>>> print(open('query_10.cif').read())   # mmCIF, C-alpha atoms, pLDDT in the B column; chains and numbers go by the auth columns
data_run
loop_
_atom_site.group_PDB
_atom_site.id
_atom_site.type_symbol
_atom_site.label_atom_id
_atom_site.label_comp_id
_atom_site.label_asym_id
_atom_site.label_seq_id
_atom_site.Cartn_x
_atom_site.Cartn_y
_atom_site.Cartn_z
_atom_site.B_iso_or_equiv
_atom_site.auth_seq_id
_atom_site.auth_asym_id
ATOM 1 C CA MET A 1 178.862 -30.834 -77.550 49.00 1 A
ATOM 2 C CA SER A 2 177.482 -29.536 -74.262 67.00 2 A
ATOM 3 C CA ASN A 3 176.959 -31.541 -71.104 89.00 3 A
ATOM 4 C CA TYR A 4 174.080 -29.388 -69.948 95.00 4 A
ATOM 5 C CA GLU A 5 170.561 -28.620 -71.043 96.00 5 A
ATOM 6 C CA HIS A 6 168.794 -25.538 -72.357 97.00 6 A
ATOM 7 C CA ILE A 7 165.315 -24.327 -71.464 98.00 7 A
ATOM 8 C CA SER A 8 163.198 -21.784 -73.297 97.00 8 A
ATOM 9 C CA PRO A 9 162.110 -18.652 -71.453 96.00 9 A
ATOM 10 C CA GLY A 10 158.462 -19.690 -71.736 96.00 10 A
ATOM 11 C CA GLU A 11 159.021 -23.148 -70.265 97.00 11 A
ATOM 12 C CA PHE A 12 161.219 -21.744 -67.497 97.00 12 A
ATOM 13 C CA LEU A 13 158.539 -19.195 -66.547 96.00 13 A
ATOM 14 C CA ARG A 14 155.840 -21.882 -66.548 96.00 14 A
ATOM 15 C CA LEU A 15 157.887 -23.946 -64.094 96.00 15 A
ATOM 16 C CA TYR A 16 158.806 -20.871 -62.043 95.00 16 A
ATOM 17 C CA GLU A 17 155.243 -19.588 -61.773 94.00 17 A
ATOM 18 C CA ARG A 18 153.929 -23.043 -60.797 95.00 18 A
ATOM 19 C CA GLY A 19 156.565 -23.314 -58.065 94.00 19 A
ATOM 20 C CA GLU A 20 158.119 -26.330 -59.770 94.00 20 A
ATOM 21 C CA LEU A 21 161.675 -25.006 -59.483 92.00 21 A
ATOM 22 C CA LYS A 22 161.764 -25.182 -55.687 88.00 22 A
ATOM 23 C CA ASN A 23 163.616 -28.500 -55.706 91.00 23 A
ATOM 24 C CA GLY A 24 166.259 -26.932 -57.909 94.00 24 A
ATOM 25 C CA LEU A 25 168.359 -23.821 -57.600 96.00 25 A
ATOM 26 C CA VAL A 26 168.262 -20.749 -59.825 97.00 26 A
ATOM 27 C CA ILE A 27 171.465 -18.728 -59.969 97.00 27 A
ATOM 28 C CA ASP A 28 171.751 -15.352 -61.661 98.00 28 A
ATOM 29 C CA VAL A 29 175.272 -14.729 -62.959 98.00 29 A
ATOM 30 C CA ARG A 30 174.800 -11.035 -63.732 98.00 30 A
ATOM 31 C CA GLU A 31 176.448 -8.179 -61.849 97.00 31 A
ATOM 32 C CA PRO A 32 174.844 -6.618 -58.735 97.00 32 A
ATOM 33 C CA PHE A 33 173.724 -3.466 -60.600 96.00 33 A
ATOM 34 C CA GLU A 34 171.894 -5.658 -63.139 94.00 34 A
ATOM 35 C CA TRP A 35 170.326 -7.680 -60.324 93.00 35 A
ATOM 36 C CA ASP A 36 169.164 -4.483 -58.610 93.00 36 A
ATOM 37 C CA TYR A 37 167.493 -3.340 -61.825 89.00 37 A
ATOM 38 C CA TYR A 38 165.422 -6.511 -62.303 88.00 38 A
ATOM 39 C CA HIS A 39 165.506 -10.036 -60.944 91.00 39 A
ATOM 40 C CA LEU A 40 163.216 -12.924 -60.106 92.00 40 A
ATOM 41 C CA ASP A 41 162.415 -13.763 -56.506 91.00 41 A
ATOM 42 C CA GLU A 42 163.958 -16.933 -55.111 89.00 42 A
ATOM 43 C CA THR A 43 167.060 -16.644 -57.277 94.00 43 A
ATOM 44 C CA ILE A 44 170.606 -16.356 -55.971 96.00 44 A
ATOM 45 C CA LEU A 45 172.952 -13.689 -57.251 97.00 45 A
ATOM 46 C CA MET A 46 176.317 -15.247 -58.115 97.00 46 A
ATOM 47 C CA PRO A 47 178.209 -13.086 -60.631 98.00 47 A
ATOM 48 C CA LEU A 48 180.003 -15.114 -63.278 98.00 48 A
ATOM 49 C CA GLN A 49 183.517 -14.373 -62.023 97.00 49 A
ATOM 50 C CA THR A 50 182.597 -15.654 -58.542 97.00 50 A
ATOM 51 C CA ILE A 51 181.494 -19.104 -59.726 97.00 51 A
ATOM 52 C CA PRO A 52 184.896 -20.832 -59.295 97.00 52 A
ATOM 53 C CA ALA A 53 185.184 -19.665 -55.681 97.00 53 A
ATOM 54 C CA SER A 54 181.534 -20.531 -55.011 94.00 54 A
ATOM 55 C CA LEU A 55 181.543 -24.161 -56.119 95.00 55 A
ATOM 56 C CA GLY A 56 181.352 -25.333 -52.516 90.00 56 A
ATOM 57 C CA ARG A 57 178.042 -23.490 -52.119 91.00 57 A
ATOM 58 C CA LEU A 58 176.421 -25.161 -55.119 95.00 58 A
ATOM 59 C CA PRO A 59 174.690 -28.487 -54.524 94.00 59 A
ATOM 60 C CA SER A 60 175.630 -31.318 -56.838 91.00 60 A
ATOM 61 C CA ASP A 61 172.406 -33.201 -56.119 94.00 61 A
ATOM 62 C CA ARG A 62 169.945 -30.534 -57.325 95.00 62 A
ATOM 63 C CA ARG A 63 169.138 -29.155 -60.759 97.00 63 A
ATOM 64 C CA ILE A 64 170.812 -25.781 -61.274 98.00 64 A
ATOM 65 C CA TYR A 65 169.194 -23.267 -63.603 98.00 65 A
ATOM 66 C CA VAL A 66 171.503 -20.469 -64.748 98.00 66 A
ATOM 67 C CA VAL A 67 170.313 -17.089 -66.002 98.00 67 A
ATOM 68 C CA CYS A 68 172.090 -13.886 -67.061 97.00 68 A
ATOM 69 C CA ALA A 69 171.089 -10.840 -69.101 96.00 69 A
ATOM 70 C CA HIS A 70 170.918 -12.342 -72.602 96.00 70 A
ATOM 71 C CA GLY A 71 172.140 -15.930 -72.324 95.00 71 A
ATOM 72 C CA VAL A 72 175.860 -15.535 -73.026 96.00 72 A
ATOM 73 C CA ARG A 73 177.290 -15.498 -69.496 98.00 73 A
ATOM 74 C CA SER A 74 174.898 -18.227 -68.407 98.00 74 A
ATOM 75 C CA GLU A 75 176.169 -20.366 -71.287 97.00 75 A
ATOM 76 C CA TYR A 76 179.746 -19.900 -70.023 97.00 76 A
ATOM 77 C CA ALA A 77 178.662 -20.691 -66.457 98.00 77 A
ATOM 78 C CA CYS A 78 176.836 -23.845 -67.544 98.00 78 A
ATOM 79 C CA ARG A 79 179.816 -25.040 -69.538 97.00 79 A
ATOM 80 C CA TYR A 80 182.127 -24.415 -66.565 97.00 80 A
ATOM 81 C CA LEU A 81 179.814 -26.159 -64.086 97.00 81 A
ATOM 82 C CA ALA A 82 179.496 -29.174 -66.396 96.00 82 A
ATOM 83 C CA GLU A 83 183.294 -29.322 -66.685 95.00 83 A
ATOM 84 C CA GLN A 84 183.495 -29.315 -62.881 95.00 84 A
ATOM 85 C CA GLY A 85 181.266 -32.383 -62.697 95.00 85 A
ATOM 86 C CA TYR A 86 177.829 -30.857 -62.155 96.00 86 A
ATOM 87 C CA GLU A 87 175.470 -33.153 -64.027 93.00 87 A
ATOM 88 C CA ASP A 88 172.132 -31.357 -63.836 96.00 88 A
ATOM 89 C CA VAL A 89 172.724 -27.840 -65.179 98.00 89 A
ATOM 90 C CA VAL A 90 170.263 -25.890 -67.330 98.00 90 A
ATOM 91 C CA ASN A 91 170.895 -22.695 -69.303 98.00 91 A
ATOM 92 C CA VAL A 92 167.927 -20.303 -69.566 98.00 92 A
ATOM 93 C CA ILE A 93 167.935 -19.253 -73.234 97.00 93 A
ATOM 94 C CA GLY A 94 167.830 -15.501 -73.798 96.00 94 A
ATOM 95 C CA GLY A 95 168.368 -14.635 -70.147 96.00 95 A
ATOM 96 C CA MET A 96 166.508 -11.989 -68.200 94.00 96 A
ATOM 97 C CA ALA A 97 165.789 -10.008 -71.361 94.00 97 A
ATOM 98 C CA ALA A 98 163.757 -12.909 -72.733 95.00 98 A
ATOM 99 C CA LEU A 99 162.123 -13.640 -69.381 94.00 99 A
ATOM 100 C CA ALA A 100 161.182 -9.993 -68.908 91.00 100 A
ATOM 101 C CA ALA A 101 159.791 -9.785 -72.458 92.00 101 A
ATOM 102 C CA ALA A 102 157.680 -12.873 -71.829 90.00 102 A
ATOM 103 C CA ARG A 103 156.263 -11.070 -68.788 87.00 103 A
ATOM 104 C CA GLY A 104 155.566 -7.899 -70.805 85.00 104 A
ATOM 105 C CA PHE A 105 158.482 -5.895 -69.446 82.00 105 A
ATOM 106 C CA ALA A 106 161.212 -4.316 -71.590 77.00 106 A
ATOM 107 C CA TYR A 107 164.459 -5.285 -69.874 73.00 107 A
ATOM 108 C CA ASP A 108 166.705 -3.218 -72.113 71.00 108 A
#
>>> encode(input="query_10.cif", output="structure tokens")
Amino acid sequence: MSNYEHISPGEFLRLYERGELKNGLVIDVREPFEWDYYHLDETILMPLQTIPASLGRLPSDRRIYVVCAHGVRSEYACRYLAEQGYEDVVNVIGGMAALAAARGFAYD
């Protein structure tokens, strides 16, 4: 059983486009070359393997949305953050591929 939530790509984009994620934090756990190819503005690049060393940079009092390419690495990141005591963590289902598709762009 997970201690974090999931959000559909459509719901995430609705919140993102309305500016309703500004009180939260969106981290992208992909690699820099993936980020350079396509990313959303106002997200923070934090590759998956850097998460343990970056815990001090992540607020524990804000909702953290986690996105990757297809939803696998973000799932790992969410699980790890929940295990470290972060209580408001949300995995973006399907990752950037799903978000890009919802915007009419073929990610891969």
>>> resolve_selection(input="query_10.cif", expression="the PyMOL selection byres ((chain A and resi 74) around 8)", output="PyMOL selection string")
chain A and resi 28-29+48+66-68+71-73+75-78+91-92+95
>>> axis_aligned_box(input="query_10.cif", around="range 30-41 of chain A", padding_each_side="3 Å", output="AutoDock Vina command-line options")
--center_x 169.4 --center_y -8.6 --center_z -60.1 --size_x 20.0 --size_y 16.4 --size_z 13.2
>>> residues_around(input="query_10.cif", residues="range 15-18 of chain A", least_positions_apart="3", cutoff="12 Å", atoms="only C-alpha atoms", output="ChimeraX atom specification")
/A:7-12,21-26,40-43,65,92,99,103
>>> write_last_selection(input="query_10.cif", atoms="C-alpha atoms", output="JSON list (two decimals), in the coordinates of the input")
[["chain", "number", "residue", "atom", "x", "y", "z"],
["A", 7, "ILE", "CA", 165.32, -24.33, -71.46],
["A", 8, "SER", "CA", 163.20, -21.78, -73.30],
["A", 9, "PRO", "CA", 162.11, -18.65, -71.45],
["A", 10, "GLY", "CA", 158.46, -19.69, -71.74],
["A", 11, "GLU", "CA", 159.02, -23.15, -70.26],
["A", 12, "PHE", "CA", 161.22, -21.74, -67.50],
["A", 21, "LEU", "CA", 161.68, -25.01, -59.48],
["A", 22, "LYS", "CA", 161.76, -25.18, -55.69],
["A", 23, "ASN", "CA", 163.62, -28.50, -55.71],
["A", 24, "GLY", "CA", 166.26, -26.93, -57.91],
["A", 25, "LEU", "CA", 168.36, -23.82, -57.60],
["A", 26, "VAL", "CA", 168.26, -20.75, -59.82],
["A", 40, "LEU", "CA", 163.22, -12.92, -60.11],
["A", 41, "ASP", "CA", 162.42, -13.76, -56.51],
["A", 42, "GLU", "CA", 163.96, -16.93, -55.11],
["A", 43, "THR", "CA", 167.06, -16.64, -57.28],
["A", 65, "TYR", "CA", 169.19, -23.27, -63.60],
["A", 92, "VAL", "CA", 167.93, -20.30, -69.57],
["A", 99, "LEU", "CA", 162.12, -13.64, -69.38],
["A", 103, "ARG", "CA", 156.26, -11.07, -68.79]]
>>> closest_residue(input="query_10.cif", among="A:Tyr38, A:Ala97, A:Arg14, A:Pro32", to="His70 in chain A", atoms="only C-alpha atoms")
A:Ala97
>>> atom_distance(input="query_10.cif", atom1="CA of Ile44 in chain A", atom2="CA of Asp108 in chain A")
21.2 Å
>>> atom_distance(input="query_10.cif", atom1="CA of Ala69 in chain A", atom2="CA of Asp88 in chain A")
21.2 Å
>>> atom_distance(input="query_10.cif", atom1="CA of Arg63 in chain A", atom2="CA of Phe33 in chain A")
26.1 Å
>>> resolve_selection(input="query_10.cif", expression="the PyMOL selection byres ((chain A and resi 50) around 12)", output="PDB file with C-alpha atoms, in the coordinates of the input")
ATOM      1  CA  ILE A  27     171.465 -18.728 -59.969  1.00 97.00           C
ATOM      2  CA  ASP A  28     171.751 -15.352 -61.661  1.00 98.00           C
ATOM      3  CA  VAL A  29     175.272 -14.729 -62.959  1.00 98.00           C
ATOM      4  CA  ARG A  30     174.800 -11.035 -63.732  1.00 98.00           C
ATOM      5  CA  GLU A  31     176.448  -8.179 -61.849  1.00 97.00           C
ATOM      6  CA  PRO A  32     174.844  -6.618 -58.735  1.00 97.00           C
ATOM      7  CA  LEU A  45     172.952 -13.689 -57.251  1.00 97.00           C
ATOM      8  CA  MET A  46     176.317 -15.247 -58.115  1.00 97.00           C
ATOM      9  CA  PRO A  47     178.209 -13.086 -60.631  1.00 98.00           C
ATOM     10  CA  LEU A  48     180.003 -15.114 -63.278  1.00 98.00           C
ATOM     11  CA  GLN A  49     183.517 -14.373 -62.023  1.00 97.00           C
ATOM     12  CA  ILE A  51     181.494 -19.104 -59.726  1.00 97.00           C
ATOM     13  CA  PRO A  52     184.896 -20.832 -59.295  1.00 97.00           C
ATOM     14  CA  ALA A  53     185.184 -19.665 -55.681  1.00 97.00           C
ATOM     15  CA  SER A  54     181.534 -20.531 -55.011  1.00 94.00           C
ATOM     16  CA  LEU A  55     181.543 -24.161 -56.119  1.00 95.00           C
ATOM     17  CA  GLY A  56     181.352 -25.333 -52.516  1.00 90.00           C
ATOM     18  CA  ARG A  57     178.042 -23.490 -52.119  1.00 91.00           C
ATOM     19  CA  LEU A  58     176.421 -25.161 -55.119  1.00 95.00           C
ATOM     20  CA  ALA A  77     178.662 -20.691 -66.457  1.00 98.00           C
ATOM     21  CA  TYR A  80     182.127 -24.415 -66.565  1.00 97.00           C
TER      22      TYR A  80
END
>>> residues_around(input="query_10.cif", residues="Arg79 in chain A", least_positions_apart="5", cutoff="10 Å", atoms="only C-alpha atoms", output="number ranges by chain")
A: 1-4, 73-74, 84, 86, 89-91
>>> write_last_selection(input="query_10.cif", atoms="C-alpha atoms", output="PDB file, in the frame of the given file")
ATOM      1  CA  MET A   1     178.862 -30.834 -77.550  1.00 49.00           C
ATOM      2  CA  SER A   2     177.482 -29.536 -74.262  1.00 67.00           C
ATOM      3  CA  ASN A   3     176.959 -31.541 -71.104  1.00 89.00           C
ATOM      4  CA  TYR A   4     174.080 -29.388 -69.948  1.00 95.00           C
ATOM      5  CA  ARG A  73     177.290 -15.498 -69.496  1.00 98.00           C
ATOM      6  CA  SER A  74     174.898 -18.227 -68.407  1.00 98.00           C
ATOM      7  CA  GLN A  84     183.495 -29.315 -62.881  1.00 95.00           C
ATOM      8  CA  TYR A  86     177.829 -30.857 -62.155  1.00 96.00           C
ATOM      9  CA  VAL A  89     172.724 -27.840 -65.179  1.00 98.00           C
ATOM     10  CA  VAL A  90     170.263 -25.890 -67.330  1.00 98.00           C
ATOM     11  CA  ASN A  91     170.895 -22.695 -69.303  1.00 98.00           C
TER      12      ASN A  91
END
>>> closest_residue(input="query_10.cif", among="A:Gly104, A:Met96, A:Pro59, A:Leu81", to="His39 in chain A", atoms="all atoms listed in the file")
A:Met96
>>> closest_residue(input="query_10.cif", among="A:Leu13, A:His6, A:Trp35, A:Gly19", to="Ala101 in chain A", atoms="all atoms listed in the file")
A:Leu13
>>> build_atoms(input="query_10.cif", residues="range 12-23 of chain A", atoms="N, CA, C and O atoms", output="compact mmCIF listing (two decimals), keeping the file's coordinate frame")
# COMPACT_ATOMS: atom_id res chain seq x y z
N PHE A 12 160.67 -22.11 -68.80
CA PHE A 12 161.22 -21.74 -67.50
C PHE A 12 160.19 -20.98 -66.67
O PHE A 12 159.98 -21.28 -65.49
N LEU A 13 159.54 -19.98 -67.28
CA LEU A 13 158.54 -19.20 -66.55
C LEU A 13 157.36 -20.04 -66.12
O LEU A 13 156.82 -19.85 -65.02
N ARG A 14 156.94 -20.99 -66.94
CA ARG A 14 155.84 -21.88 -66.55
C ARG A 14 156.23 -22.65 -65.29
O ARG A 14 155.46 -22.74 -64.33
N LEU A 15 157.42 -23.21 -65.28
CA LEU A 15 157.89 -23.95 -64.09
C LEU A 15 158.03 -23.02 -62.89
O LEU A 15 157.64 -23.37 -61.78
N TYR A 16 158.59 -21.85 -63.12
CA TYR A 16 158.81 -20.87 -62.04
C TYR A 16 157.48 -20.44 -61.42
O TYR A 16 157.32 -20.45 -60.20
N GLU A 17 156.53 -20.08 -62.26
CA GLU A 17 155.24 -19.59 -61.77
C GLU A 17 154.41 -20.67 -61.10
O GLU A 17 153.59 -20.39 -60.24
N ARG A 18 154.62 -21.92 -61.45
CA ARG A 18 153.93 -23.04 -60.80
C ARG A 18 154.64 -23.50 -59.53
O ARG A 18 154.18 -24.41 -58.85
N GLY A 19 155.79 -22.92 -59.24
CA GLY A 19 156.56 -23.31 -58.06
C GLY A 19 157.30 -24.62 -58.25
O GLY A 19 157.72 -25.25 -57.27
N GLU A 20 157.50 -25.04 -59.49
CA GLU A 20 158.12 -26.33 -59.77
C GLU A 20 159.64 -26.28 -59.79
O GLU A 20 160.29 -27.29 -60.03
N LEU A 21 160.22 -25.12 -59.52
CA LEU A 21 161.68 -25.01 -59.48
C LEU A 21 162.22 -25.07 -58.06
O LEU A 21 163.42 -25.00 -57.85
N LYS A 22 161.35 -25.22 -57.09
CA LYS A 22 161.76 -25.18 -55.69
C LYS A 22 162.72 -26.31 -55.31
O LYS A 22 163.51 -26.15 -54.39
N ASN A 23 162.67 -27.42 -55.99
CA ASN A 23 163.62 -28.50 -55.71
C ASN A 23 164.97 -28.26 -56.36
O ASN A 23 165.93 -28.97 -56.07
